[in-house]
$ cat entry.cif   # mmCIF, N, CA and C atoms
data_final
#
loop_
_atom_site.label_atom_id
_atom_site.label_comp_id
_atom_site.auth_asym_id
_atom_site.auth_seq_id
_atom_site.Cartn_x
_atom_site.Cartn_y
_atom_site.Cartn_z
N MET H 1 -36.25 109.70 -1.98
CA MET H 1 -37.16 109.03 -2.90
C MET H 1 -37.18 107.55 -2.52
N SER H 2 -38.36 107.05 -2.21
CA SER H 2 -38.47 105.63 -1.86
C SER H 2 -38.56 104.79 -3.12
N ASP H 3 -38.19 103.51 -2.99
CA ASP H 3 -38.26 102.61 -4.13
C ASP H 3 -39.68 102.51 -4.67
N GLN H 4 -40.68 102.57 -3.78
CA GLN H 4 -42.06 102.42 -4.22
C GLN H 4 -42.53 103.57 -5.11
N SER H 5 -41.86 104.72 -5.04
CA SER H 5 -42.26 105.84 -5.89
C SER H 5 -41.69 105.72 -7.30
N LEU H 6 -40.78 104.78 -7.48
CA LEU H 6 -40.19 104.57 -8.81
C LEU H 6 -41.04 103.61 -9.62
N PRO H 7 -41.04 103.75 -10.94
CA PRO H 7 -41.76 102.78 -11.77
C PRO H 7 -41.19 101.37 -11.54
N LEU H 8 -42.04 100.36 -11.67
CA LEU H 8 -41.63 98.98 -11.43
C LEU H 8 -40.42 98.60 -12.28
N SER H 9 -40.41 99.04 -13.54
CA SER H 9 -39.28 98.69 -14.41
C SER H 9 -37.97 99.24 -13.84
N VAL H 10 -37.99 100.43 -13.29
CA VAL H 10 -36.79 101.04 -12.71
C VAL H 10 -36.39 100.29 -11.44
N GLN H 11 -37.36 99.91 -10.62
CA GLN H 11 -37.07 99.14 -9.42
C GLN H 11 -36.40 97.81 -9.77
N ILE H 12 -36.90 97.15 -10.80
CA ILE H 12 -36.34 95.87 -11.22
C ILE H 12 -34.91 96.05 -11.73
N VAL H 13 -34.68 97.07 -12.56
CA VAL H 13 -33.34 97.33 -13.07
C VAL H 13 -32.38 97.62 -11.92
N CYS H 14 -32.81 98.41 -10.96
CA CYS H 14 -31.96 98.73 -9.81
C CYS H 14 -31.60 97.46 -9.04
N GLU H 15 -32.58 96.60 -8.77
CA GLU H 15 -32.30 95.34 -8.07
C GLU H 15 -31.33 94.48 -8.88
N LEU H 16 -31.55 94.39 -10.19
CA LEU H 16 -30.64 93.61 -11.03
C LEU H 16 -29.21 94.15 -10.96
N LEU H 17 -29.07 95.46 -10.97
CA LEU H 17 -27.73 96.06 -10.91
C LEU H 17 -27.05 95.76 -9.58
N PHE H 18 -27.81 95.84 -8.49
CA PHE H 18 -27.22 95.53 -7.18
C PHE H 18 -26.87 94.05 -7.07
N VAL H 19 -27.75 93.18 -7.55
CA VAL H 19 -27.47 91.74 -7.52
C VAL H 19 -26.25 91.45 -8.40
N ASN H 20 -26.18 92.07 -9.56
CA ASN H 20 -25.04 91.90 -10.46
C ASN H 20 -23.74 92.27 -9.74
N HIS H 21 -23.74 93.40 -9.08
CA HIS H 21 -22.54 93.86 -8.37
C HIS H 21 -22.13 92.86 -7.28
N LEU H 22 -23.09 92.43 -6.49
CA LEU H 22 -22.78 91.51 -5.40
C LEU H 22 -22.37 90.13 -5.91
N ALA H 23 -23.03 89.66 -6.96
CA ALA H 23 -22.69 88.35 -7.53
C ALA H 23 -21.29 88.38 -8.14
N ARG H 24 -20.95 89.46 -8.83
CA ARG H 24 -19.61 89.59 -9.40
C ARG H 24 -18.55 89.59 -8.29
N ASP H 25 -18.86 90.24 -7.20
CA ASP H 25 -17.93 90.27 -6.06
C ASP H 25 -17.71 88.86 -5.52
N LYS H 26 -18.80 88.11 -5.33
CA LYS H 26 -18.69 86.72 -4.86
C LYS H 26 -17.91 85.87 -5.84
N LEU H 27 -18.23 86.01 -7.12
CA LEU H 27 -17.54 85.23 -8.16
C LEU H 27 -16.05 85.52 -8.19
N SER H 28 -15.69 86.78 -8.11
CA SER H 28 -14.28 87.15 -8.22
C SER H 28 -13.45 86.51 -7.12
N LYS H 29 -14.07 86.20 -5.99
CA LYS H 29 -13.35 85.61 -4.86
C LYS H 29 -13.12 84.11 -5.02
N VAL H 30 -13.85 83.46 -5.91
CA VAL H 30 -13.71 82.01 -6.07
C VAL H 30 -13.13 81.61 -7.43
N LEU H 31 -12.78 82.58 -8.25
CA LEU H 31 -12.20 82.27 -9.56
C LEU H 31 -10.81 81.67 -9.39
N PRO H 32 -10.48 80.67 -10.19
CA PRO H 32 -9.12 80.10 -10.13
C PRO H 32 -8.07 81.15 -10.47
N ASP H 33 -6.85 80.91 -9.99
CA ASP H 33 -5.74 81.83 -10.28
C ASP H 33 -5.62 82.03 -11.79
N GLY H 34 -5.47 83.29 -12.17
CA GLY H 34 -5.28 83.62 -13.58
C GLY H 34 -6.57 83.81 -14.35
N MET H 35 -7.72 83.49 -13.74
CA MET H 35 -8.99 83.66 -14.45
C MET H 35 -9.64 84.96 -14.01
N GLU H 36 -10.02 85.75 -14.98
CA GLU H 36 -10.75 86.98 -14.72
C GLU H 36 -12.24 86.73 -14.93
N LEU H 37 -13.05 87.64 -14.43
CA LEU H 37 -14.49 87.48 -14.57
C LEU H 37 -14.90 87.40 -16.04
N SER H 38 -14.26 88.18 -16.90
CA SER H 38 -14.58 88.13 -18.33
C SER H 38 -14.25 86.75 -18.91
N HIS H 39 -13.18 86.13 -18.42
CA HIS H 39 -12.83 84.78 -18.87
C HIS H 39 -13.90 83.79 -18.44
N PHE H 40 -14.32 83.91 -17.18
CA PHE H 40 -15.36 83.02 -16.66
C PHE H 40 -16.63 83.13 -17.50
N LEU H 41 -17.01 84.34 -17.85
CA LEU H 41 -18.24 84.54 -18.63
C LEU H 41 -18.13 83.91 -20.01
N VAL H 42 -16.96 84.00 -20.63
CA VAL H 42 -16.77 83.37 -21.94
C VAL H 42 -16.85 81.85 -21.80
N LEU H 43 -16.19 81.30 -20.79
CA LEU H 43 -16.26 79.85 -20.55
C LEU H 43 -17.70 79.41 -20.31
N LEU H 44 -18.41 80.17 -19.51
CA LEU H 44 -19.81 79.84 -19.21
C LEU H 44 -20.65 79.85 -20.49
N HIS H 45 -20.43 80.83 -21.34
CA HIS H 45 -21.17 80.93 -22.60
C HIS H 45 -20.88 79.72 -23.49
N ILE H 46 -19.61 79.36 -23.60
CA ILE H 46 -19.24 78.19 -24.43
C ILE H 46 -19.87 76.93 -23.85
N ALA H 47 -19.85 76.80 -22.53
CA ALA H 47 -20.44 75.62 -21.89
C ALA H 47 -21.94 75.53 -22.15
N LYS H 48 -22.62 76.67 -22.11
CA LYS H 48 -24.06 76.67 -22.34
C LYS H 48 -24.41 76.32 -23.79
N LEU H 49 -23.52 76.65 -24.71
CA LEU H 49 -23.76 76.32 -26.12
C LEU H 49 -23.72 74.81 -26.35
N GLU H 50 -22.91 74.12 -25.57
CA GLU H 50 -22.75 72.67 -25.68
C GLU H 50 -22.20 72.24 -27.04
N GLU H 51 -21.55 73.15 -27.74
CA GLU H 51 -20.90 72.82 -29.02
C GLU H 51 -19.83 73.86 -29.27
N GLU H 52 -18.93 73.52 -30.18
CA GLU H 52 -17.88 74.48 -30.52
C GLU H 52 -18.49 75.69 -31.23
N THR H 53 -17.80 76.79 -31.12
CA THR H 53 -18.25 78.02 -31.76
C THR H 53 -17.02 78.76 -32.30
N GLY H 54 -17.25 79.85 -33.00
CA GLY H 54 -16.16 80.62 -33.57
C GLY H 54 -15.91 81.90 -32.81
N PRO H 55 -14.71 82.45 -32.94
CA PRO H 55 -14.38 83.71 -32.28
C PRO H 55 -15.31 84.86 -32.66
N ALA H 56 -15.71 84.92 -33.92
CA ALA H 56 -16.60 86.01 -34.36
C ALA H 56 -17.96 85.92 -33.67
N LYS H 57 -18.48 84.71 -33.53
CA LYS H 57 -19.76 84.54 -32.84
C LYS H 57 -19.66 84.91 -31.37
N LEU H 58 -18.52 84.58 -30.76
CA LEU H 58 -18.32 84.96 -29.36
C LEU H 58 -18.21 86.47 -29.21
N ALA H 59 -17.49 87.12 -30.13
CA ALA H 59 -17.37 88.58 -30.08
C ALA H 59 -18.74 89.23 -30.21
N GLU H 60 -19.55 88.69 -31.11
CA GLU H 60 -20.91 89.22 -31.29
C GLU H 60 -21.74 89.01 -30.03
N ALA H 61 -21.65 87.83 -29.44
CA ALA H 61 -22.44 87.52 -28.24
C ALA H 61 -22.09 88.45 -27.08
N PHE H 62 -20.82 88.84 -26.99
CA PHE H 62 -20.38 89.70 -25.89
C PHE H 62 -20.31 91.17 -26.28
N ASN H 63 -20.69 91.46 -27.52
CA ASN H 63 -20.72 92.83 -28.00
C ASN H 63 -19.36 93.52 -27.84
N VAL H 64 -18.31 92.77 -28.23
CA VAL H 64 -16.94 93.30 -28.20
C VAL H 64 -16.34 93.13 -29.60
N THR H 65 -15.21 93.77 -29.82
CA THR H 65 -14.54 93.63 -31.11
C THR H 65 -13.94 92.24 -31.23
N ARG H 66 -13.68 91.84 -32.46
CA ARG H 66 -13.03 90.54 -32.68
C ARG H 66 -11.64 90.53 -32.06
N GLY H 67 -10.96 91.67 -32.12
CA GLY H 67 -9.63 91.78 -31.52
C GLY H 67 -9.66 91.55 -30.01
N ALA H 68 -10.65 92.16 -29.35
CA ALA H 68 -10.78 91.99 -27.90
C ALA H 68 -11.08 90.53 -27.56
N MET H 69 -11.95 89.90 -28.35
CA MET H 69 -12.28 88.50 -28.09
C MET H 69 -11.08 87.62 -28.38
N SER H 70 -10.34 87.94 -29.42
CA SER H 70 -9.14 87.17 -29.76
C SER H 70 -8.14 87.21 -28.60
N ASN H 71 -8.00 88.36 -27.98
CA ASN H 71 -7.11 88.51 -26.83
C ASN H 71 -7.58 87.64 -25.67
N THR H 72 -8.86 87.67 -25.38
CA THR H 72 -9.42 86.85 -24.31
C THR H 72 -9.23 85.37 -24.60
N LEU H 73 -9.51 84.97 -25.84
CA LEU H 73 -9.38 83.56 -26.21
C LEU H 73 -7.92 83.10 -26.14
N SER H 74 -6.99 83.97 -26.50
CA SER H 74 -5.57 83.62 -26.41
C SER H 74 -5.18 83.34 -24.96
N ARG H 75 -5.67 84.16 -24.06
CA ARG H 75 -5.38 83.96 -22.63
C ARG H 75 -6.00 82.66 -22.13
N LEU H 76 -7.23 82.41 -22.54
CA LEU H 76 -7.90 81.18 -22.12
C LEU H 76 -7.19 79.95 -22.68
N GLU H 77 -6.71 80.04 -23.90
CA GLU H 77 -6.00 78.92 -24.52
C GLU H 77 -4.66 78.68 -23.80
N ARG H 78 -3.94 79.74 -23.47
CA ARG H 78 -2.66 79.60 -22.77
C ARG H 78 -2.83 78.91 -21.42
N GLN H 79 -3.98 79.12 -20.80
CA GLN H 79 -4.25 78.52 -19.49
C GLN H 79 -4.97 77.17 -19.62
N ASN H 80 -5.12 76.70 -20.85
CA ASN H 80 -5.76 75.41 -21.14
C ASN H 80 -7.23 75.34 -20.74
N PHE H 81 -7.92 76.47 -20.69
CA PHE H 81 -9.34 76.49 -20.36
C PHE H 81 -10.20 76.16 -21.59
N ILE H 82 -9.65 76.39 -22.78
CA ILE H 82 -10.39 76.13 -24.02
C ILE H 82 -9.53 75.33 -24.98
N THR H 83 -10.20 74.75 -25.95
CA THR H 83 -9.51 74.12 -27.07
C THR H 83 -9.77 74.97 -28.30
N VAL H 84 -8.76 75.06 -29.15
CA VAL H 84 -8.89 75.81 -30.40
C VAL H 84 -8.40 74.89 -31.50
N ARG H 85 -9.26 74.69 -32.49
CA ARG H 85 -8.84 73.86 -33.63
C ARG H 85 -9.23 74.55 -34.92
N PRO H 86 -8.44 74.36 -35.95
CA PRO H 86 -8.75 75.00 -37.23
C PRO H 86 -9.93 74.31 -37.91
N ASP H 87 -10.63 75.08 -38.70
CA ASP H 87 -11.71 74.55 -39.53
C ASP H 87 -11.06 73.79 -40.69
N PRO H 88 -11.39 72.51 -40.84
CA PRO H 88 -10.74 71.75 -41.92
C PRO H 88 -11.12 72.25 -43.32
N LEU H 89 -12.23 72.99 -43.42
CA LEU H 89 -12.67 73.49 -44.72
C LEU H 89 -12.18 74.90 -45.03
N ASP H 90 -11.82 75.64 -43.98
CA ASP H 90 -11.37 77.02 -44.17
C ASP H 90 -10.33 77.33 -43.10
N ALA H 91 -9.08 77.35 -43.49
CA ALA H 91 -7.98 77.53 -42.54
C ALA H 91 -8.02 78.87 -41.80
N ARG H 92 -8.80 79.82 -42.31
CA ARG H 92 -8.90 81.12 -41.64
C ARG H 92 -9.81 81.08 -40.43
N ARG H 93 -10.66 80.06 -40.36
CA ARG H 93 -11.63 79.96 -39.26
C ARG H 93 -11.14 79.01 -38.19
N LYS H 94 -11.62 79.23 -36.97
CA LYS H 94 -11.27 78.37 -35.84
C LYS H 94 -12.53 77.95 -35.12
N PHE H 95 -12.43 76.79 -34.48
CA PHE H 95 -13.50 76.30 -33.62
C PHE H 95 -13.01 76.34 -32.18
N ILE H 96 -13.82 76.94 -31.32
CA ILE H 96 -13.48 77.10 -29.91
C ILE H 96 -14.38 76.18 -29.10
N GLY H 97 -13.77 75.40 -28.22
CA GLY H 97 -14.52 74.51 -27.35
C GLY H 97 -14.00 74.59 -25.93
N LEU H 98 -14.74 74.05 -25.01
CA LEU H 98 -14.36 74.03 -23.61
C LEU H 98 -13.49 72.80 -23.35
N SER H 99 -12.34 73.00 -22.73
CA SER H 99 -11.46 71.88 -22.41
C SER H 99 -11.88 71.25 -21.08
N LYS H 100 -11.27 70.14 -20.74
CA LYS H 100 -11.54 69.51 -19.45
C LYS H 100 -11.14 70.45 -18.31
N VAL H 101 -10.01 71.14 -18.47
CA VAL H 101 -9.57 72.10 -17.46
C VAL H 101 -10.62 73.22 -17.31
N GLY H 102 -11.14 73.68 -18.43
CA GLY H 102 -12.17 74.72 -18.39
C GLY H 102 -13.44 74.24 -17.71
N ARG H 103 -13.87 73.03 -18.05
CA ARG H 103 -15.08 72.46 -17.43
C ARG H 103 -14.88 72.28 -15.93
N ASP H 104 -13.70 71.75 -15.55
CA ASP H 104 -13.40 71.55 -14.13
C ASP H 104 -13.35 72.89 -13.39
N SER H 105 -12.83 73.91 -14.06
CA SER H 105 -12.76 75.24 -13.45
C SER H 105 -14.15 75.82 -13.23
N LEU H 106 -15.04 75.62 -14.20
CA LEU H 106 -16.42 76.08 -14.02
C LEU H 106 -17.06 75.37 -12.83
N ASP H 107 -16.85 74.06 -12.73
CA ASP H 107 -17.39 73.30 -11.61
C ASP H 107 -16.86 73.83 -10.28
N LEU H 108 -15.58 74.17 -10.26
CA LEU H 108 -14.96 74.73 -9.05
C LEU H 108 -15.62 76.05 -8.66
N VAL H 109 -15.84 76.90 -9.65
CA VAL H 109 -16.48 78.19 -9.39
C VAL H 109 -17.92 77.99 -8.91
N PHE H 110 -18.65 77.10 -9.57
CA PHE H 110 -20.03 76.84 -9.15
C PHE H 110 -20.07 76.36 -7.72
N GLY H 111 -19.16 75.46 -7.37
CA GLY H 111 -19.08 74.97 -6.00
C GLY H 111 -18.74 76.07 -5.02
N GLY H 112 -17.94 77.02 -5.45
CA GLY H 112 -17.54 78.13 -4.59
C GLY H 112 -18.63 79.15 -4.34
N ILE H 113 -19.56 79.29 -5.28
CA ILE H 113 -20.62 80.30 -5.09
C ILE H 113 -21.89 79.71 -4.49
N ARG H 114 -22.03 78.41 -4.56
CA ARG H 114 -23.26 77.79 -4.05
C ARG H 114 -23.52 78.11 -2.57
N PRO H 115 -22.51 78.12 -1.69
CA PRO H 115 -22.80 78.44 -0.29
C PRO H 115 -23.42 79.82 -0.09
N ALA H 116 -23.14 80.75 -0.98
CA ALA H 116 -23.72 82.09 -0.86
C ALA H 116 -25.15 82.13 -1.40
N PHE H 117 -25.44 81.33 -2.41
CA PHE H 117 -26.73 81.42 -3.10
C PHE H 117 -27.75 80.37 -2.64
N ASP H 118 -27.29 79.15 -2.37
CA ASP H 118 -28.22 78.07 -2.06
C ASP H 118 -29.14 78.34 -0.87
N PRO H 119 -28.63 78.87 0.26
CA PRO H 119 -29.55 79.11 1.38
C PRO H 119 -30.68 80.08 1.04
N ILE H 120 -30.37 81.07 0.23
CA ILE H 120 -31.39 82.05 -0.17
C ILE H 120 -32.40 81.38 -1.10
N LEU H 121 -31.89 80.67 -2.10
CA LEU H 121 -32.77 80.04 -3.08
C LEU H 121 -33.56 78.88 -2.49
N ASP H 122 -32.94 78.14 -1.56
CA ASP H 122 -33.63 77.01 -0.94
C ASP H 122 -34.82 77.45 -0.09
N SER H 123 -34.84 78.72 0.31
CA SER H 123 -35.94 79.22 1.14
C SER H 123 -37.15 79.64 0.30
N LYS H 124 -37.03 79.56 -1.01
CA LYS H 124 -38.11 79.98 -1.91
C LYS H 124 -38.81 78.78 -2.52
N GLU H 125 -40.06 78.98 -2.86
CA GLU H 125 -40.85 77.93 -3.50
C GLU H 125 -40.33 77.71 -4.92
N PRO H 126 -40.28 76.45 -5.37
CA PRO H 126 -39.78 76.17 -6.73
C PRO H 126 -40.53 76.93 -7.82
N ASN H 127 -41.84 77.12 -7.66
CA ASN H 127 -42.59 77.84 -8.70
C ASN H 127 -42.17 79.31 -8.77
N ILE H 128 -41.80 79.90 -7.65
CA ILE H 128 -41.32 81.28 -7.64
C ILE H 128 -39.96 81.36 -8.34
N LEU H 129 -39.11 80.38 -8.04
CA LEU H 129 -37.79 80.35 -8.69
C LEU H 129 -37.94 80.16 -10.20
N GLY H 130 -38.83 79.27 -10.61
CA GLY H 130 -39.06 79.04 -12.03
C GLY H 130 -39.58 80.29 -12.73
N SER H 131 -40.53 80.97 -12.09
CA SER H 131 -41.07 82.21 -12.67
C SER H 131 -40.00 83.30 -12.73
N SER H 132 -39.19 83.37 -11.69
CA SER H 132 -38.12 84.37 -11.66
C SER H 132 -37.10 84.11 -12.77
N LEU H 133 -36.73 82.85 -12.92
CA LEU H 133 -35.77 82.50 -13.97
C LEU H 133 -36.35 82.81 -15.35
N GLU H 134 -37.61 82.52 -15.53
CA GLU H 134 -38.28 82.81 -16.81
C GLU H 134 -38.28 84.32 -17.08
N LEU H 135 -38.57 85.11 -16.06
CA LEU H 135 -38.56 86.57 -16.21
C LEU H 135 -37.17 87.07 -16.57
N LEU H 136 -36.15 86.57 -15.87
CA LEU H 136 -34.79 87.00 -16.18
C LEU H 136 -34.39 86.62 -17.60
N ALA H 137 -34.76 85.42 -18.02
CA ALA H 137 -34.45 84.98 -19.38
C ALA H 137 -35.17 85.86 -20.40
N ASP H 138 -36.43 86.20 -20.13
CA ASP H 138 -37.18 87.07 -21.03
C ASP H 138 -36.54 88.46 -21.12
N LEU H 139 -36.09 88.99 -19.98
CA LEU H 139 -35.41 90.28 -19.98
C LEU H 139 -34.13 90.21 -20.81
N ARG H 140 -33.35 89.14 -20.63
CA ARG H 140 -32.11 88.98 -21.38
C ARG H 140 -32.39 88.92 -22.88
N VAL H 141 -33.36 88.10 -23.28
CA VAL H 141 -33.68 87.96 -24.71
C VAL H 141 -34.17 89.30 -25.27
N GLY H 142 -35.01 89.98 -24.52
CA GLY H 142 -35.52 91.27 -24.97
C GLY H 142 -34.42 92.30 -25.14
N LEU H 143 -33.51 92.36 -24.18
CA LEU H 143 -32.40 93.31 -24.26
C LEU H 143 -31.44 92.93 -25.38
N GLU H 144 -31.20 91.62 -25.57
CA GLU H 144 -30.33 91.19 -26.67
C GLU H 144 -30.92 91.60 -28.03
N SER H 145 -32.24 91.53 -28.15
CA SER H 145 -32.86 91.87 -29.43
C SER H 145 -32.79 93.37 -29.72
N MET H 146 -32.55 94.18 -28.71
CA MET H 146 -32.46 95.64 -28.89
C MET H 146 -31.04 96.11 -29.17
N ARG H 147 -30.08 95.19 -29.08
CA ARG H 147 -28.69 95.60 -29.32
C ARG H 147 -28.52 96.05 -30.76
N GLY H 148 -27.70 97.03 -30.94
CA GLY H 148 -27.52 97.50 -32.30
C GLY H 148 -26.16 97.92 -32.63
#
$ encode --input "entry.cif" --output "structure tokens"
Amino acid sequence: MSDQSLPLSVQIVCELLFVNHLARDKLSKVLPDGMELSHFLVLLHIAKLEEETGPAKLAEAFNVTRGAMSNTLSRLERQNFITVRPDPLDARRKFIGLSKVGRDSLDLVFGGIRPAFDPILDSKEPNILGSSLELLADLRVGLESMRG
């Protein structure tokens, strides 16, 4: 069965899955000691928020249990990748932020993957890259809205 005989949506999903697999492989090779891919993704999410967030919101964003997220956050805190501070209004709540070590680690990872991605992306027209990024963002938002 050739790719062209598949519906476009299936072809796109297949390409995304292959790119995901290859990108994860590249990322895993440049992660700092002690950091797992799941840790990197949590740090990246916190960095994109540009503000502190709570463990429950992170668990919801990653579609995992609060216990699983608590375990991940404990590991990240032990390695000084994140800051955790109590909510002054409610001692049961915590605020999670990215530490300097976490930010520096993200920069290290970004620097490590750029050699694999930049030559490919630099060969494309900026308008194609912008449209591609918009499409990927739309797919992400659409899939997030279908989570249940």
$ residues_around --input "entry.cif" --residues "range 105-109 of chain H" --least-positions-apart "2" --cutoff "12 Å" --atoms "only C-alpha atoms" --output "PyMOL selection string"
chain H and resi 24+26-37+39-48+76+79-82+98-103+111-116
$ residues_around --input "entry.cif" --residues "range 50-67 of chain H" --least-positions-apart "2" --cutoff "6 Å" --atoms "only N, CA and C atoms" --output "list in words"
Ile46, Ala47, Lys48, Met69, Ser70, Asn71, Lys94, Phe95, Ile96 and Gly97 of chain H
$ atom_distance --input "entry.cif" --atom1 "atom C of Leu133 in chain H" --atom2 "atom C of Ser5 in chain H"
24.9 Å
$ select_by_dssp --input "entry.cif" --residues "range 6-85 of chain H" --states "strand (DSSP E or B)" --output "count of residues only"
5
$ atom_distance --input "entry.cif" --atom1 "CA of Leu49 in chain H" --atom2 "CA of Asp118 in chain H"
24.5 Å
